[in-house]
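Pasted below: entry.csv, CSV, C-alpha atoms.
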chain,number,residue,atom,x,y,z
A,1,MET,CA,0.0,0.0,0.0
A,2,ILE,CA,1.1,3.6,-0.7
A,3,TYR,CA,0.4,6.4,1.7
A,4,TYR,CA,0.9,10.2,1.7
A,5,ILE,CA,1.3,12.8,4.3
A,6,ALA,CA,2.6,16.4,4.3
A,7,ASP,CA,3.6,18.9,7.0
A,8,PRO,CA,3.3,16.7,10.1
A,9,HIS,CA,5.7,19.1,11.9
A,10,PHE,CA,6.4,16.5,14.6
A,11,GLY,CA,7.6,18.3,17.7
A,12,HIS,CA,6.8,21.8,16.4
A,13,LYS,CA,4.8,23.6,19.1
A,14,ASN,CA,3.9,26.6,16.9
A,15,ALA,CA,2.2,24.2,14.3
A,16,ILE,CA,-0.6,23.7,16.8
A,17,ARG,CA,-1.5,27.4,16.9
A,18,PHE,CA,-0.7,28.0,13.2
A,19,ASP,CA,-3.0,25.2,12.0
A,20,ASN,CA,-5.4,25.4,14.9
A,21,ARG,CA,-4.6,21.7,15.5
A,22,PRO,CA,-6.8,19.9,18.1
A,23,PHE,CA,-4.0,19.1,20.5
A,24,ALA,CA,-3.3,20.5,24.0
A,25,ASP,CA,0.4,20.5,23.5
A,26,VAL,CA,3.2,19.1,21.4
A,27,ASP,CA,3.5,15.9,23.4
A,28,GLU,CA,-0.2,15.0,22.7
A,29,MET,CA,0.2,16.0,19.0
A,30,ASP,CA,3.3,13.7,18.6
A,31,ARG,CA,1.7,10.8,20.5
A,32,VAL,CA,-1.6,11.0,18.5
A,33,MET,CA,0.1,11.3,15.1
A,34,ILE,CA,2.5,8.4,15.8
A,35,GLU,CA,-0.5,6.3,17.0
A,36,ASN,CA,-2.5,7.3,13.9
A,37,TRP,CA,0.4,6.5,11.6
A,38,ASN,CA,1.1,3.1,13.1
A,39,ARG,CA,-2.5,2.1,13.2
A,40,ARG,CA,-2.7,2.4,9.4
A,41,VAL,CA,0.7,1.7,8.0
A,42,ARG,CA,2.3,-1.7,8.0
A,43,GLU,CA,6.1,-2.3,7.8
A,44,GLU,CA,5.9,-3.2,4.1
A,45,ASP,CA,4.0,-0.1,3.1
A,46,ASP,CA,5.5,3.0,1.4
A,47,VAL,CA,4.9,6.4,2.9
A,48,TYR,CA,5.7,9.5,1.0
A,49,ILE,CA,6.3,12.4,3.3
A,50,LEU,CA,5.8,15.6,1.3
A,51,GLY,CA,8.1,17.8,3.5
A,52,ASP,CA,8.3,19.4,6.9
A,53,PHE,CA,8.6,16.1,8.8
A,54,CYS,CA,9.7,17.7,12.1
A,55,PHE,CA,10.8,21.2,13.2
A,56,ARG,CA,12.2,22.7,16.4
A,57,THR,CA,11.8,19.5,18.3
A,58,LYS,CA,13.2,18.6,21.7
A,59,GLN,CA,13.7,15.1,20.2
A,60,GLU,CA,16.2,14.2,17.5
A,61,PRO,CA,14.5,13.4,14.2
A,62,GLN,CA,15.4,9.7,14.4
A,63,TRP,CA,13.4,9.5,17.6
A,64,TYR,CA,10.3,9.9,15.5
A,65,LEU,CA,11.5,8.0,12.5
A,66,GLU,CA,12.3,4.8,14.5
A,67,ARG,CA,8.8,4.8,15.9
A,68,LEU,CA,7.0,5.0,12.6
A,69,LYS,CA,6.2,2.0,10.5
A,70,GLY,CA,6.7,1.6,6.8
A,71,HIS,CA,9.3,2.5,4.1
A,72,LYS,CA,9.6,6.2,4.4
A,73,HIS,CA,10.4,8.4,1.4
A,74,LEU,CA,11.0,12.1,2.0
A,75,ILE,CA,10.1,14.8,-0.5
A,76,GLN,CA,12.2,17.7,0.9
A,77,GLY,CA,10.4,20.6,2.4
A,78,ASN,CA,11.6,24.0,3.5
A,79,HIS,CA,12.0,22.8,7.1
A,80,ASP,CA,13.9,19.6,6.3
A,81,ARG,CA,17.4,20.9,5.8
A,82,ALA,CA,18.7,19.8,9.3
A,83,LEU,CA,16.9,16.5,8.9
A,84,VAL,CA,18.6,15.7,5.6
A,85,LYS,CA,22.0,16.7,6.9
A,86,ASN,CA,21.6,14.4,10.0
A,87,GLU,CA,23.1,11.1,8.9
A,88,ALA,CA,21.5,9.1,11.6
A,89,ALA,CA,18.0,10.4,10.7
A,90,SER,CA,18.5,10.4,6.9
A,91,GLY,CA,19.4,6.7,7.1
A,92,TYR,CA,15.7,6.0,7.9
A,93,PHE,CA,14.6,7.1,4.5
A,94,GLU,CA,14.5,4.8,1.4
A,95,SER,CA,14.8,7.9,-0.7
A,96,ILE,CA,15.1,11.7,-0.3
A,97,ASP,CA,14.2,13.9,-3.3
A,98,PRO,CA,13.1,17.5,-3.9
A,99,LEU,CA,10.6,16.3,-6.6
A,100,LEU,CA,9.6,12.8,-7.6
A,101,GLY,CA,7.4,11.1,-10.2
A,102,ILE,CA,5.7,7.8,-9.1
A,103,PHE,CA,3.0,5.5,-10.1
A,104,ASP,CA,0.3,4.6,-7.6
A,105,GLN,CA,-1.9,1.8,-9.2
A,106,ASP,CA,-2.8,3.3,-12.6
A,107,LYS,CA,-2.1,6.9,-11.7
A,108,LYS,CA,1.0,8.8,-12.6
A,109,ILE,CA,1.8,11.4,-9.9
A,110,VAL,CA,4.2,14.2,-9.4
A,111,LEU,CA,5.2,14.7,-5.7
A,112,CYS,CA,6.6,18.0,-4.5
A,113,HIS,CA,6.4,19.7,-1.1
A,114,TYR,CA,5.5,23.0,-2.9
A,115,PRO,CA,2.3,23.4,-4.9
A,116,ILE,CA,3.0,23.7,-8.6
A,117,ALA,CA,0.7,25.6,-11.0
A,118,GLU,CA,1.6,23.3,-14.0
A,119,TRP,CA,3.5,20.1,-13.5
A,120,TYR,CA,5.0,17.5,-15.8
A,121,GLY,CA,2.2,15.7,-17.6
A,122,TYR,CA,-0.4,18.4,-16.5
A,123,PHE,CA,-2.2,18.1,-19.8
A,124,LYS,CA,-1.9,14.3,-20.0
A,125,GLY,CA,-3.8,13.4,-16.8
A,126,VAL,CA,-0.9,13.3,-14.4
A,127,TRP,CA,-1.8,14.1,-10.8
A,128,HIS,CA,0.1,16.4,-8.4
A,129,ILE,CA,0.4,15.8,-4.6
A,130,TYR,CA,1.8,18.6,-2.5
A,131,GLY,CA,2.0,20.2,0.9
A,132,HIS,CA,3.6,23.4,2.2
A,133,ILE,CA,0.5,25.6,2.3
A,134,HIS,CA,-1.1,23.6,5.2
A,135,LEU,CA,-4.8,24.6,5.1
A,136,GLY,CA,-4.1,27.2,2.4
A,137,LEU,CA,-6.5,29.7,4.0
A,138,ARG,CA,-4.0,32.5,3.9
A,139,GLY,CA,-3.1,34.1,0.6
A,140,ASP,CA,-4.0,33.3,-3.0
A,141,THR,CA,-2.1,30.0,-3.4
A,142,GLY,CA,-4.6,27.8,-1.5
A,143,ALA,CA,-7.6,29.2,-3.4
A,144,PHE,CA,-5.7,28.8,-6.7
A,145,MET,CA,-4.7,25.2,-6.0
A,146,ARG,CA,-8.3,24.3,-5.0
A,147,THR,CA,-9.2,25.1,-8.6
A,148,LYS,CA,-6.8,22.4,-9.9
A,149,GLU,CA,-8.7,19.2,-10.5
A,150,ARG,CA,-5.8,16.8,-10.3
A,151,ALA,CA,-3.9,18.6,-7.5
A,152,LEU,CA,-4.2,17.2,-4.0
A,153,ASN,CA,-3.1,18.7,-0.7
A,154,ALA,CA,-1.5,16.0,1.5
A,155,GLY,CA,-1.4,18.2,4.5
A,156,CYS,CA,-2.0,16.2,7.7
A,157,MET,CA,-4.5,18.7,8.9
A,158,ILE,CA,-6.8,18.0,6.0
A,159,ASN,CA,-6.3,14.2,6.2
A,160,GLY,CA,-6.9,13.3,9.9
A,161,TYR,CA,-3.3,13.8,11.1
A,162,MET,CA,-2.3,10.5,9.5
A,163,PRO,CA,-0.9,9.1,6.2
A,164,VAL,CA,-3.7,8.5,3.7
A,165,THR,CA,-4.1,6.6,0.4
A,166,PHE,CA,-4.6,8.3,-2.9
A,167,GLU,CA,-8.3,7.5,-2.9
A,168,GLU,CA,-8.6,9.1,0.6
A,169,LEU,CA,-6.7,12.2,-0.6
A,170,VAL,CA,-9.2,12.6,-3.4
A,171,VAL,CA,-12.2,12.4,-1.0
A,172,ASN,CA,-10.6,14.5,1.7
A,173,ASN,CA,-9.6,17.3,-0.7
A,174,GLU,CA,-13.1,17.3,-2.3
A,175,ARG,CA,-14.6,17.7,1.2
A,176,PHE,CA,-12.2,20.4,2.1
A,177,ARG,CA,-12.9,22.3,-1.2
A,178,ASN,CA,-16.7,22.1,-0.5
A,179,GLU,CA,-16.2,23.3,3.1
A,180,GLU,CA,-14.1,26.3,1.9
A,181,LYS,CA,-16.7,27.1,-0.8
A,182,ASN,CA,-19.5,27.0,1.8
A,183,ARG,CA,-17.5,29.4,4.0
A,184,GLU,CA,-16.9,31.8,1.2
A,185,ASP,CA,-20.6,31.7,0.2
A,186,GLU,CA,-21.6,32.4,3.8
A,187,GLY,CA,-19.0,35.2,4.3
Here is a file; write its structure as structure tokens.
Amino acid sequence: MIYYIADPHFGHKNAIRFDNRPFADVDEMDRVMIENWNRRVREEDDVYILGDFCFRTKQEPQWYLERLKGHKHLIQGNHDRALVKNEAASGYFESIDPLLGIFDQDKKIVLCHYPIAEWYGYFKGVWHIYGHIHLGLRGDTGAFMRTKERALNAGCMINGYMPVTFEELVVNNERFRNEEKNREDEG
């Protein structure tokens, strides 16, 4: 099975406030997200982490990585520089890339931490999975990306704070788009 998650920000206290995450503190956030991850992911599964794995943590990155099941693939985000330079932590990843093309069942997908307006294969049915903008409620990028039919935000805050399948990404992004449209219509 293949799973996707973006912007978990393990150990990052400010992510709770920034995303209005439903956790009392960083310890609860880390515990719940690790439990959610391991309840779904098996050791033989692949998990594509679309950036910002952890940030400003009191734990070393490998503390999180050794607790998480699956074959982990990192698509580098803006907060992953120290993680990538940490040899002990980077050894937990099967791959580390800034941009990656993969196949998930019959879908060709371009993975990047950053949302891309027009990606490789855009006009040929290729999908794009991204992170970085979290809920995308600030600025124009989130609104723009919600208009892109084959672009999916893998942000953990849209996807139940756990890795999700491609099919779940489609459903969760559609729900999120509808919720945002309803908010705009009411406002």
Min atom-atom distance to A:Cys156 from the set A:Ser90, A:Thr141, A:Asn78, A:Asn173, counting all atoms listed in the file, belongs to A:Asn173
- request: Please work out which residues fall within 12 Å of (-1.0, 20.4, 1.3), coordinates as given in the file, with only C-alpha atoms counting, and return them as number ranges by chain.
  value: A: 4-8, 19, 49-52, 77, 111-116, 128-137, 141-143, 145-146, 151-159, 169, 172-173, 176
Using all atoms listed in the file, the residue out of A:Arg42, A:Lys69, A:Lys107, A:His9 with shortest distance to A:Phe55 is A:His9
Check: What lies within 12 Å of A:Lys124 using all atoms listed in the file, ignoring chain neighbours under 4 positions off, as a ChimeraX atom specification?
Finding: /A:107-109,118-120,128,150
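Taking only C-alpha atoms into account, A:Val84 lies nearest to A:Gln62 out of the set A:Asn20, A:Asn178, A:Gln62, A:Asn36.
Picture a line from atom CA of A:Val164 to atom CA of A:Thr147; it runs 21.4 Å.
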Spatial sel., origin (6.0, 23.8, 16.8), limit 9 Å, all atoms listed in the file, listed as a PDB file with C-alpha atoms, in the coordinates of the input:
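Produced file result01.pdb, reproduced below:
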ATOM      1  CA  HIS A   9       5.700  19.100  11.900  1.00  0.00           C
ATOM      2  CA  PHE A  10       6.400  16.500  14.600  1.00  0.00           C
ATOM      3  CA  GLY A  11       7.600  18.300  17.700  1.00  0.00           C
ATOM      4  CA  HIS A  12       6.800  21.800  16.400  1.00  0.00           C
ATOM      5  CA  LYS A  13       4.800  23.600  19.100  1.00  0.00           C
ATOM      6  CA  ASN A  14       3.900  26.600  16.900  1.00  0.00           C
ATOM      7  CA  ALA A  15       2.200  24.200  14.300  1.00  0.00           C
ATOM      8  CA  ILE A  16      -0.600  23.700  16.800  1.00  0.00           C
ATOM      9  CA  ARG A  17      -1.500  27.400  16.900  1.00  0.00           C
ATOM     10  CA  PHE A  18      -0.700  28.000  13.200  1.00  0.00           C
ATOM     11  CA  VAL A  26       3.200  19.100  21.400  1.00  0.00           C
ATOM     12  CA  CYS A  54       9.700  17.700  12.100  1.00  0.00           C
ATOM     13  CA  PHE A  55      10.800  21.200  13.200  1.00  0.00           C
ATOM     14  CA  ARG A  56      12.200  22.700  16.400  1.00  0.00           C
ATOM     15  CA  THR A  57      11.800  19.500  18.300  1.00  0.00           C
TER      16      THR A  57
END
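Atom to atom, atom CA of A:Asp46 and atom CA of A:Gly125 stand 22.9 Å apart.
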Nearest to A:Asp106, restricted to all atoms listed in the file and choosing among A:Val171, A:Ile75, A:Val126, A:Met162, comes out as A:Val126
Taken to one decimal, the atom CA of A:Tyr92-atom CA of A:Gln76 distance is 14.1 Å
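Using only C-alpha atoms, the smallest distance between any of A:Asp104, A:Glu94, A:Glu179, A:Glu44 and A:Leu65 comes from A:Glu94.
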Shortest contact to A:Phe23, candidates A:Phe103, A:Phe166, A:Tyr3, A:Tyr161, atoms counted only C-alpha atoms, goes to A:Tyr161
